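Undergrad: For reference, the file work-v8.pdb (PDB, C-alpha atoms, pLDDT in the B column) is included below:
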```pdb
ATOM      1  CA  MET A   1      43.174 -25.528 -31.410  1.00 47.00           C
ATOM      2  CA  GLY A   2      45.410 -27.176 -33.991  1.00 50.00           C
ATOM      3  CA  LYS A   3      44.536 -30.343 -35.865  1.00 54.00           C
ATOM      4  CA  LYS A   4      47.192 -32.398 -34.108  1.00 55.00           C
ATOM      5  CA  ASN A   5      45.947 -31.309 -30.675  1.00 56.00           C
ATOM      6  CA  ARG A   6      42.338 -32.054 -31.601  1.00 55.00           C
ATOM      7  CA  LYS A   7      43.160 -35.524 -32.912  1.00 55.00           C
ATOM      8  CA  SER A   8      45.034 -36.421 -29.738  1.00 53.00           C
ATOM      9  CA  GLN A   9      42.021 -35.337 -27.665  1.00 52.00           C
ATOM     10  CA  ILE A  10      39.726 -37.473 -29.762  1.00 57.00           C
ATOM     11  CA  LYS A  11      42.025 -40.443 -29.318  1.00 79.00           C
ATOM     12  CA  VAL A  12      42.147 -40.010 -25.532  1.00 89.00           C
ATOM     13  CA  GLY A  13      38.365 -39.679 -25.391  1.00 91.00           C
ATOM     14  CA  THR A  14      37.949 -42.704 -27.620  1.00 91.00           C
ATOM     15  CA  VAL A  15      40.278 -44.773 -25.433  1.00 93.00           C
ATOM     16  CA  ILE A  16      38.400 -43.708 -22.288  1.00 94.00           C
ATOM     17  CA  THR A  17      35.045 -44.546 -23.863  1.00 95.00           C
ATOM     18  CA  ILE A  18      36.192 -47.932 -25.173  1.00 95.00           C
ATOM     19  CA  LEU A  19      37.772 -48.872 -21.829  1.00 95.00           C
ATOM     20  CA  PHE A  20      34.594 -47.917 -19.984  1.00 96.00           C
ATOM     21  CA  CYS A  21      32.433 -49.970 -22.362  1.00 96.00           C
ATOM     22  CA  LEU A  22      34.823 -52.919 -22.005  1.00 96.00           C
ATOM     23  CA  LEU A  23      34.576 -52.580 -18.217  1.00 95.00           C
ATOM     24  CA  LEU A  24      30.794 -52.830 -18.484  1.00 96.00           C
ATOM     25  CA  VAL A  25      30.911 -55.856 -20.803  1.00 97.00           C
ATOM     26  CA  ILE A  26      33.567 -57.726 -18.806  1.00 96.00           C
ATOM     27  CA  SER A  27      31.833 -56.972 -15.495  1.00 93.00           C
ATOM     28  CA  THR A  28      28.581 -58.279 -16.936  1.00 93.00           C
ATOM     29  CA  VAL A  29      30.199 -61.446 -18.346  1.00 95.00           C
ATOM     30  CA  LEU A  30      31.887 -62.116 -14.992  1.00 91.00           C
ATOM     31  CA  GLY A  31      28.573 -61.675 -13.174  1.00 87.00           C
ATOM     32  CA  ARG A  32      29.678 -58.592 -11.250  1.00 85.00           C
ATOM     33  CA  LEU A  33      27.112 -56.381 -12.983  1.00 86.00           C
ATOM     34  CA  PRO A  34      23.549 -57.308 -13.944  1.00 85.00           C
ATOM     35  CA  SER A  35      23.023 -57.553 -17.692  1.00 90.00           C
ATOM     36  CA  VAL A  36      20.205 -55.037 -17.379  1.00 90.00           C
ATOM     37  CA  ILE A  37      22.835 -52.384 -16.567  1.00 90.00           C
ATOM     38  CA  LEU A  38      24.716 -53.121 -19.801  1.00 94.00           C
ATOM     39  CA  ILE A  39      21.419 -52.976 -21.701  1.00 95.00           C
ATOM     40  CA  PHE A  40      20.546 -49.719 -19.939  1.00 95.00           C
ATOM     41  CA  TYR A  41      23.851 -48.124 -20.994  1.00 97.00           C
ATOM     42  CA  ALA A  42      23.379 -49.282 -24.576  1.00 97.00           C
ATOM     43  CA  LEU A  43      19.822 -47.947 -24.663  1.00 98.00           C
ATOM     44  CA  MET A  44      20.788 -44.632 -23.067  1.00 97.00           C
ATOM     45  CA  SER A  45      23.672 -44.275 -25.524  1.00 98.00           C
ATOM     46  CA  VAL A  46      21.330 -44.811 -28.478  1.00 98.00           C
ATOM     47  CA  ILE A  47      18.796 -42.346 -27.056  1.00 98.00           C
ATOM     48  CA  THR A  48      21.553 -39.802 -26.443  1.00 97.00           C
ATOM     49  CA  PHE A  49      22.983 -40.230 -29.938  1.00 97.00           C
ATOM     50  CA  ILE A  50      19.518 -39.742 -31.456  1.00 97.00           C
ATOM     51  CA  THR A  51      18.961 -36.653 -29.311  1.00 97.00           C
ATOM     52  CA  TYR A  52      22.241 -35.164 -30.551  1.00 96.00           C
ATOM     53  CA  ALA A  53      21.241 -35.994 -34.153  1.00 96.00           C
ATOM     54  CA  ILE A  54      17.863 -34.303 -33.730  1.00 95.00           C
ATOM     55  CA  ASP A  55      19.540 -31.257 -32.191  1.00 94.00           C
ATOM     56  CA  LYS A  56      22.095 -31.107 -35.020  1.00 93.00           C
ATOM     57  CA  SER A  57      19.302 -31.227 -37.583  1.00 93.00           C
ATOM     58  CA  ALA A  58      17.359 -28.510 -35.745  1.00 93.00           C
ATOM     59  CA  ALA A  59      20.477 -26.346 -35.601  1.00 89.00           C
ATOM     60  CA  LYS A  60      20.933 -26.609 -39.364  1.00 91.00           C
ATOM     61  CA  LYS A  61      17.283 -25.695 -39.978  1.00 92.00           C
ATOM     62  CA  GLY A  62      17.145 -22.884 -37.396  1.00 88.00           C
ATOM     63  CA  GLN A  63      14.466 -24.749 -35.427  1.00 92.00           C
ATOM     64  CA  TRP A  64      13.868 -25.375 -31.725  1.00 92.00           C
ATOM     65  CA  ARG A  65      16.977 -26.835 -30.078  1.00 91.00           C
ATOM     66  CA  THR A  66      17.502 -29.378 -27.342  1.00 92.00           C
ATOM     67  CA  LYS A  67      18.697 -27.726 -24.133  1.00 94.00           C
ATOM     68  CA  GLU A  68      22.326 -28.426 -23.285  1.00 93.00           C
ATOM     69  CA  SER A  69      21.181 -29.372 -19.798  1.00 94.00           C
ATOM     70  CA  THR A  70      19.104 -32.181 -21.354  1.00 96.00           C
ATOM     71  CA  LEU A  71      22.127 -33.491 -23.241  1.00 96.00           C
ATOM     72  CA  HIS A  72      24.175 -33.362 -20.035  1.00 96.00           C
ATOM     73  CA  LEU A  73      21.456 -35.135 -18.045  1.00 97.00           C
ATOM     74  CA  LEU A  74      21.372 -37.926 -20.633  1.00 97.00           C
ATOM     75  CA  SER A  75      25.157 -38.229 -20.317  1.00 96.00           C
ATOM     76  CA  LEU A  76      25.033 -38.219 -16.534  1.00 96.00           C
ATOM     77  CA  ILE A  77      22.528 -41.071 -16.330  1.00 95.00           C
ATOM     78  CA  GLY A  78      24.497 -43.312 -18.665  1.00 96.00           C
ATOM     79  CA  GLY A  79      24.264 -42.048 -22.225  1.00 97.00           C
ATOM     80  CA  TRP A  80      27.694 -40.454 -22.333  1.00 97.00           C
ATOM     81  CA  PRO A  81      29.285 -43.120 -24.602  1.00 97.00           C
ATOM     82  CA  GLY A  82      26.583 -42.376 -27.188  1.00 97.00           C
ATOM     83  CA  GLY A  83      27.027 -38.661 -26.624  1.00 96.00           C
ATOM     84  CA  TYR A  84      30.752 -38.940 -27.194  1.00 95.00           C
ATOM     85  CA  TYR A  85      30.194 -40.913 -30.393  1.00 95.00           C
ATOM     86  CA  ALA A  86      27.632 -38.341 -31.572  1.00 95.00           C
ATOM     87  CA  GLN A  87      30.011 -35.448 -30.920  1.00 93.00           C
ATOM     88  CA  ASN A  88      32.638 -37.063 -33.107  1.00 90.00           C
ATOM     89  CA  HIS A  89      30.512 -38.777 -35.745  1.00 91.00           C
ATOM     90  CA  LEU A  90      28.000 -35.953 -36.229  1.00 91.00           C
ATOM     91  CA  ARG A  91      30.516 -33.183 -35.475  1.00 83.00           C
ATOM     92  CA  HIS A  92      27.953 -31.713 -33.079  1.00 78.00           C
ATOM     93  CA  LYS A  93      28.895 -29.908 -29.876  1.00 78.00           C
ATOM     94  CA  SER A  94      32.448 -31.021 -30.536  1.00 72.00           C
ATOM     95  CA  SER A  95      34.137 -27.629 -30.571  1.00 77.00           C
ATOM     96  CA  LYS A  96      32.310 -25.834 -27.753  1.00 85.00           C
ATOM     97  CA  THR A  97      34.805 -26.029 -24.884  1.00 90.00           C
ATOM     98  CA  SER A  98      32.342 -25.204 -22.098  1.00 93.00           C
ATOM     99  CA  PHE A  99      29.957 -27.926 -23.295  1.00 94.00           C
ATOM    100  CA  LYS A 100      32.744 -30.501 -23.584  1.00 94.00           C
ATOM    101  CA  THR A 101      34.018 -29.658 -20.099  1.00 95.00           C
ATOM    102  CA  VAL A 102      30.617 -30.278 -18.525  1.00 96.00           C
ATOM    103  CA  PHE A 103      30.164 -33.368 -20.722  1.00 96.00           C
ATOM    104  CA  TRP A 104      33.384 -34.943 -19.408  1.00 96.00           C
ATOM    105  CA  ILE A 105      32.437 -34.034 -15.831  1.00 97.00           C
ATOM    106  CA  THR A 106      29.121 -35.892 -16.267  1.00 97.00           C
ATOM    107  CA  ALA A 107      30.955 -38.841 -17.833  1.00 97.00           C
ATOM    108  CA  ALA A 108      33.437 -38.906 -14.943  1.00 96.00           C
ATOM    109  CA  ILE A 109      30.679 -38.793 -12.306  1.00 96.00           C
ATOM    110  CA  ASN A 110      28.770 -41.572 -14.048  1.00 95.00           C
ATOM    111  CA  SER A 111      31.915 -43.686 -14.413  1.00 95.00           C
ATOM    112  CA  MET A 112      32.913 -43.163 -10.782  1.00 93.00           C
ATOM    113  CA  VAL A 113      29.534 -44.466  -9.611  1.00 89.00           C
ATOM    114  CA  ILE A 114      29.976 -47.664 -11.643  1.00 89.00           C
ATOM    115  CA  VAL A 115      33.597 -48.128 -10.560  1.00 88.00           C
ATOM    116  CA  TYR A 116      32.602 -47.526  -6.934  1.00 85.00           C
ATOM    117  CA  ALA A 117      29.790 -50.063  -7.236  1.00 82.00           C
ATOM    118  CA  LEU A 118      32.177 -52.626  -8.712  1.00 82.00           C
ATOM    119  CA  THR A 119      34.962 -52.083  -6.166  1.00 83.00           C
ATOM    120  CA  ASP A 120      32.982 -51.485  -2.979  1.00 75.00           C
ATOM    121  CA  PRO A 121      34.116 -54.114  -0.431  1.00 69.00           C
ATOM    122  CA  ASP A 122      30.604 -54.004   1.086  1.00 70.00           C
ATOM    123  CA  PRO A 123      28.670 -54.022  -2.205  1.00 65.00           C
ATOM    124  CA  GLN A 124      25.511 -52.272  -1.023  1.00 69.00           C
ATOM    125  CA  VAL A 125      25.144 -50.369  -4.295  1.00 64.00           C
ATOM    126  CA  LEU A 126      25.513 -53.536  -6.386  1.00 63.00           C
ATOM    127  CA  ASN A 127      23.157 -55.443  -4.096  1.00 67.00           C
ATOM    128  CA  TYR A 128      20.609 -52.665  -4.565  1.00 68.00           C
ATOM    129  CA  ILE A 129      21.068 -52.760  -8.344  1.00 63.00           C
ATOM    130  CA  PHE A 130      20.725 -56.569  -8.377  1.00 62.00           C
ATOM    131  CA  ALA A 131      17.557 -56.305  -6.242  1.00 69.00           C
ATOM    132  CA  LEU A 132      16.042 -53.835  -8.728  1.00 65.00           C
ATOM    133  CA  THR A 133      16.696 -56.193 -11.637  1.00 61.00           C
ATOM    134  CA  LYS A 134      14.951 -59.209 -10.113  1.00 62.00           C
TER     135      LYS A 134
END
```
Would you mind writing the file out in structure tokens?
TA:
Amino acid sequence: MGKKNRKSQIKVGTVITILFCLLLVISTVLGRLPSVILIFYALMSVITFITYAIDKSAAKKGQWRTKESTLHLLSLIGGWPGGYYAQNHLRHKSSKTSFKTVFWITAAINSMVIVYALTDPDPQVLNYIFALTK
């Protein structure tokens, strides 16, 4: 993959990640999403970033590695913004196409759940989330 192609992919991914994070913040400020959800995403992103950093360090030292399935699970449950940042900032798992494909699938599934919860005319999912946070 050429440099120009790679940079355009990073920009698209960055735009997607920023828009998603803005959606979370704006939805929280407007009272459509409990603040605990925003905190959860931030916490999961930090945990995911740290997990990538530990795995990168282990890879350099030839030590035990974090399973890719663990990284994908962290992304699926809300840590994908941190995972995306780690891929680009740490340059870890950023060139393995099969990993990136599954990563973006987990990010899409996670994002669709939030968008569904925010746009559901009968907000059962949001009501359930609000009930859990009280």
Undergrad: Can you tell me which residues surround stretch 39-49 of chain A at a distance of at most 6 Å, considering only C-alpha atoms, apart from same-chain residues fewer than 3 positions away, and format the answer as an NGL selection string?
TA: :A and (36 or 52 or 78-79 or 81-83 or 86)
Undergrad: How many Å separate atom CA of A:Ala108 from atom CA of A:Thr51?
TA: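 According to the coordinates, atom CA of A:Ala108 and atom CA of A:Thr51 are separated by 20.5 Å.
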Undergrad: One decimal, Å: what's the distance from atom CA of A:Gly62 over to atom CA of A:Ile50, could you say?
TA: 18.0 Å
Undergrad: One number please: atom CA of A:Trp104 to atom CA of A:Ser57, in Å, one decimal.
TA: 23.3 Å
Undergrad: Step by step, work through what the PyMOL selection byres ((chain A and resi 9-21) around 12) selects in the shown file, and finish by giving those residues as a ChimeraX atom specification.
TA: /A:1-8,22-28,37-39,41-42,45,78-89,91,94-95,100,103-104,107-108,110-112,114-115
Undergrad: Taking all atoms listed in the file into account, which of A:Asp122, A:His72, A:Ala117, A:Ile77 comes nearest A:Ser98?
TA: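 Comparing A:Asp122, A:His72, A:Ala117, A:Ile77 against A:Ser98, the winner is A:His72.
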Undergrad: Around stretch 87-97 of chain A, fit a box with edges along x, y and z, padding it by 3 Å on each side, then list its centre and edge lengths in Å to one decimal as JSON.
TA:
```
{"center_x": 31.4, "center_y": -32.3, "center_z": -30.6, "size_x": 12.9, "size_y": 18.9, "size_z": 17.3}
```
Undergrad: I need the residue nearest A:Ile105 from this list: A:Ile54, A:Leu118, A:Val29, A:Leu73. Use only C-alpha atoms for the distance.
TA: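 Between A:Ile54, A:Leu118, A:Val29, A:Leu73, the residue approaching A:Ile105 most closely is A:Leu73.
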Undergrad: N, CA, C and O atoms are what I want for stretch 88-99 of chain A; can you complete it accordingly and write them as a PDB file, keeping the file's coordinate frame?
TA:
```pdb
ATOM      1  N   ASN A  88      31.590 -36.816 -32.122  1.00 90.00           N
ATOM      2  CA  ASN A  88      32.638 -37.063 -33.107  1.00 90.00           C
ATOM      3  C   ASN A  88      32.100 -37.486 -34.466  1.00 90.00           C
ATOM      4  O   ASN A  88      32.627 -37.075 -35.488  1.00 90.00           O
ATOM      5  N   HIS A  89      31.069 -38.297 -34.479  1.00 91.00           N
ATOM      6  CA  HIS A  89      30.512 -38.777 -35.745  1.00 91.00           C
ATOM      7  C   HIS A  89      29.677 -37.695 -36.437  1.00 91.00           C
ATOM      8  O   HIS A  89      29.765 -37.525 -37.646  1.00 91.00           O
ATOM      9  N   LEU A  90      28.869 -36.987 -35.661  1.00 91.00           N
ATOM     10  CA  LEU A  90      28.000 -35.953 -36.229  1.00 91.00           C
ATOM     11  C   LEU A  90      28.674 -34.584 -36.262  1.00 91.00           C
ATOM     12  O   LEU A  90      28.133 -33.655 -36.844  1.00 91.00           O
ATOM     13  N   ARG A  91      29.822 -34.472 -35.611  1.00 83.00           N
ATOM     14  CA  ARG A  91      30.516 -33.183 -35.475  1.00 83.00           C
ATOM     15  C   ARG A  91      29.581 -32.162 -34.830  1.00 83.00           C
ATOM     16  O   ARG A  91      29.430 -31.040 -35.291  1.00 83.00           O
ATOM     17  N   HIS A  92      28.908 -32.581 -33.768  1.00 78.00           N
ATOM     18  CA  HIS A  92      27.953 -31.713 -33.079  1.00 78.00           C
ATOM     19  C   HIS A  92      28.395 -31.518 -31.639  1.00 78.00           C
ATOM     20  O   HIS A  92      28.672 -32.487 -30.935  1.00 78.00           O
ATOM     21  N   LYS A  93      28.465 -30.287 -31.222  1.00 78.00           N
ATOM     22  CA  LYS A  93      28.895 -29.908 -29.876  1.00 78.00           C
ATOM     23  C   LYS A  93      30.342 -30.318 -29.616  1.00 78.00           C
ATOM     24  O   LYS A  93      30.770 -30.453 -28.489  1.00 78.00           O
ATOM     25  N   SER A  94      31.091 -30.504 -30.683  1.00 72.00           N
ATOM     26  CA  SER A  94      32.448 -31.021 -30.536  1.00 72.00           C
ATOM     27  C   SER A  94      33.500 -29.927 -30.410  1.00 72.00           C
ATOM     28  O   SER A  94      34.641 -30.212 -30.088  1.00 72.00           O
ATOM     29  N   SER A  95      33.132 -28.691 -30.661  1.00 77.00           N
ATOM     30  CA  SER A  95      34.137 -27.629 -30.571  1.00 77.00           C
ATOM     31  C   SER A  95      33.815 -26.610 -29.480  1.00 77.00           C
ATOM     32  O   SER A  95      34.589 -25.702 -29.246  1.00 77.00           O
ATOM     33  N   LYS A  96      32.702 -26.762 -28.810  1.00 85.00           N
ATOM     34  CA  LYS A  96      32.310 -25.834 -27.753  1.00 85.00           C
ATOM     35  C   LYS A  96      32.952 -26.298 -26.437  1.00 85.00           C
ATOM     36  O   LYS A  96      32.504 -27.257 -25.807  1.00 85.00           O
ATOM     37  N   THR A  97      34.002 -25.613 -26.037  1.00 90.00           N
ATOM     38  CA  THR A  97      34.805 -26.029 -24.884  1.00 90.00           C
ATOM     39  C   THR A  97      33.987 -26.138 -23.602  1.00 90.00           C
ATOM     40  O   THR A  97      34.129 -27.110 -22.857  1.00 90.00           O
ATOM     41  N   SER A  98      33.122 -25.165 -23.338  1.00 93.00           N
ATOM     42  CA  SER A  98      32.342 -25.204 -22.098  1.00 93.00           C
ATOM     43  C   SER A  98      31.411 -26.418 -22.077  1.00 93.00           C
ATOM     44  O   SER A  98      31.247 -27.066 -21.033  1.00 93.00           O
ATOM     45  N   PHE A  99      30.831 -26.751 -23.222  1.00 94.00           N
ATOM     46  CA  PHE A  99      29.957 -27.926 -23.295  1.00 94.00           C
ATOM     47  C   PHE A  99      30.767 -29.198 -23.058  1.00 94.00           C
ATOM     48  O   PHE A  99      30.364 -30.074 -22.293  1.00 94.00           O
TER      49      PHE A  99
END
```
